[in-house]
Amino acid sequence: MKEVVSIVKELIERFGKDDVGGMAAQLAYFFLLSLFPFMIFLVTLLGFINVDEGRVLAFISTYAPPEAFDLITNNVSSLLQNENGGILSIGIIGTLWAASNGVNAIIRAFNRAYEVKEDRHFLITRLIAIVLTISMVIVIGIALLLPVLGHSIGLYLFSYIGLSDSFITAWEALRWMISTVIFFIVLSFLFAMAPNKKIKYKNTSIGALFSTVSWQGTSLLFSFYVSNLGNYSSAYGSLGSVIVLMIWFYLTGVIIILGGEINAIIFRRTHGIESKA
């Protein structure tokens with residue numbers, strides 16, 4: 001217990017020293033830039049496989065605050081009605097460029113956490129950012145598709161293999177758990193590959209678990225707050241939905257960076273490395 005308290009105290013100190021708030025603001029900006037290219041890519045791709053629009057948007061609404069969800073819906077719902085290969089290509093390029101800038105910001109944040117300088121060549125760093133971006137887009141896409149298509153997959157397995165009715169109930173819960181595990185794997189991969197330091201995957205599990213659980217819990221709580229307590233539209237007018245979206249992205253950035261900070265603190269303590277603070 002003392003060790004946990006000590007880690008929390010150091011984490012609070014690192015929050016200010018490593019400018020976690022400022023780095024999270026950068027991430028929020030890049031998240032915003034990459035959101036709509038990613039949504040264009042995702043929903044256009046889903047249009048080719050005839051996925052119902054309602055299922056996709058219903059899943060997004062689980063975590064997105066209501067006003068941010070309305071903003072996303074108004075900008076991307078029409079794309080599901082059009083199968084456009086050109087838009088898909090633009091979406092891929094836009095997502096890679098904008099999101100790789102976000103990953104570069106994560107790399108800088110994690111380098112601060114591990115107290116290392118970025119001495120890799122610019123092209124190497126950009127290549128790592130693009131590879132991480134592609135991996136994250138693919139895996140996050142799978143995580144998004146699983147809850148959306150999971151019910152149909154469960155019914156197919158139910159009818160093809162001849163499983164009992166209890167399987168459908170278990171599958172409904174299991175497919176959401178699988179999505180959570182996928183997010184955990186994505187974060188573990190990001191925490192291991194992003195910093196300019198050799199990190200084993202087993203040394204990223206605590207931070208990845210923290211970020212996975214914290215992001216899900218924070219998203220649900222923030223969504224509840226916006227729905228019941230915070231009326232941003234009346235205060236800021238049409239900008240309210242953008243402000244809500246940016247706050248959500250900012251909280252997401254803080255949680256991701258804190259996960260990396262936790263891993264860095266534990267790494268130093270495990271290897272007997274003194275902090276430069």
# chains A, B, ... in the order shown; residues from 1 in each chain; ligands from 1

$ residues_around --residues "stretch 17-25 of chain A" --least-positions-apart "6" --cutoff "7 Å" --atoms "only C-alpha atoms" --output "list in words"
Ala109, Arg112, Ala113, Tyr250, Gly253, Val254 and Ile257 of chain A

$ write_last_selection --atoms "N, CA and C atoms" --output "mmCIF file, in the first residue's frame"
data_model
loop_
_atom_site.group_PDB
_atom_site.id
_atom_site.type_symbol
_atom_site.label_atom_id
_atom_site.label_comp_id
_atom_site.auth_asym_id
_atom_site.auth_seq_id
_atom_site.Cartn_x
_atom_site.Cartn_y
_atom_site.Cartn_z
ATOM 1 N N ALA A 109 5.759 13.065 -25.335
ATOM 2 C CA ALA A 109 5.276 12.981 -23.950
ATOM 3 C C ALA A 109 5.911 11.799 -23.220
ATOM 4 N N ARG A 112 9.535 12.359 -22.319
ATOM 5 C CA ARG A 112 9.627 13.148 -21.092
ATOM 6 C C ARG A 112 9.422 12.269 -19.869
ATOM 7 N N ALA A 113 8.464 11.375 -19.964
ATOM 8 C CA ALA A 113 8.156 10.504 -18.826
ATOM 9 C C ALA A 113 9.356 9.626 -18.471
ATOM 10 N N TYR A 250 -9.262 16.128 -24.590
ATOM 11 C CA TYR A 250 -8.252 16.541 -23.623
ATOM 12 C C TYR A 250 -8.157 15.524 -22.484
ATOM 13 N N GLY A 253 -6.377 12.535 -23.709
ATOM 14 C CA GLY A 253 -4.935 12.757 -23.767
ATOM 15 C C GLY A 253 -4.279 12.661 -22.408
ATOM 16 N N VAL A 254 -4.899 13.260 -21.392
ATOM 17 C CA VAL A 254 -4.365 13.190 -20.032
ATOM 18 C C VAL A 254 -4.261 11.743 -19.570
ATOM 19 N N ILE A 257 -1.388 9.854 -21.399
ATOM 20 C CA ILE A 257 -0.067 10.282 -20.931
ATOM 21 C C ILE A 257 0.190 9.796 -19.503
#

$ closest_residue --among "A:Ile273, A:Ala208, A:Leu251, A:Ile130" --to "A:Leu221" --atoms "only C-alpha atoms"
A:Leu251

$ closest_residue --among "A:Asn203, A:Thr133, A:Gln216, A:Thr252" --to "A:Ala264" --atoms "only C-alpha atoms"
A:Asn203

$ residues_around --residues "A:Ile128" --least-positions-apart "5" --cutoff "9 Å" --atoms "only C-alpha atoms" --output "mmCIF file with N, CA and C atoms, in the first residue's frame"
data_model
loop_
_atom_site.group_PDB
_atom_site.id
_atom_site.type_symbol
_atom_site.label_atom_id
_atom_site.label_comp_id
_atom_site.auth_asym_id
_atom_site.auth_seq_id
_atom_site.Cartn_x
_atom_site.Cartn_y
_atom_site.Cartn_z
ATOM 1 N N SER A 100 -0.729 10.598 -37.295
ATOM 2 C CA SER A 100 0.703 10.388 -37.036
ATOM 3 C C SER A 100 1.303 11.590 -36.318
ATOM 4 N N VAL A 103 0.511 10.904 -32.789
ATOM 5 C CA VAL A 103 1.420 9.897 -32.237
ATOM 6 C C VAL A 103 2.777 10.525 -31.951
ATOM 7 N N ASN A 104 3.222 11.446 -32.797
ATOM 8 C CA ASN A 104 4.480 12.152 -32.532
ATOM 9 C C ASN A 104 4.410 12.918 -31.212
ATOM 10 N N LEU A 123 13.107 10.859 -39.995
ATOM 11 C CA LEU A 123 12.363 9.932 -40.843
ATOM 12 C C LEU A 123 12.006 8.658 -40.088
ATOM 13 N N THR A 133 0.301 4.400 -36.091
ATOM 14 C CA THR A 133 -1.010 4.912 -36.496
ATOM 15 C C THR A 133 -1.788 3.859 -37.267
ATOM 16 N N MET A 193 6.271 0.901 -27.843
ATOM 17 C CA MET A 193 6.964 1.306 -29.062
ATOM 18 C C MET A 193 7.264 2.800 -29.147
ATOM 19 N N ALA A 194 6.427 3.632 -28.522
ATOM 20 C CA ALA A 194 6.555 5.075 -28.710
ATOM 21 C C ALA A 194 7.818 5.687 -28.096
#

$ atom_distance --atom1 "atom CA of A:His271" --atom2 "atom CA of A:Ile256"
22.9 Å

$ closest_residue --among "A:Val4, A:Ile182, A:Gly240, A:Leu245" --to "A:Ile206" --atoms "only C-alpha atoms"
A:Val4
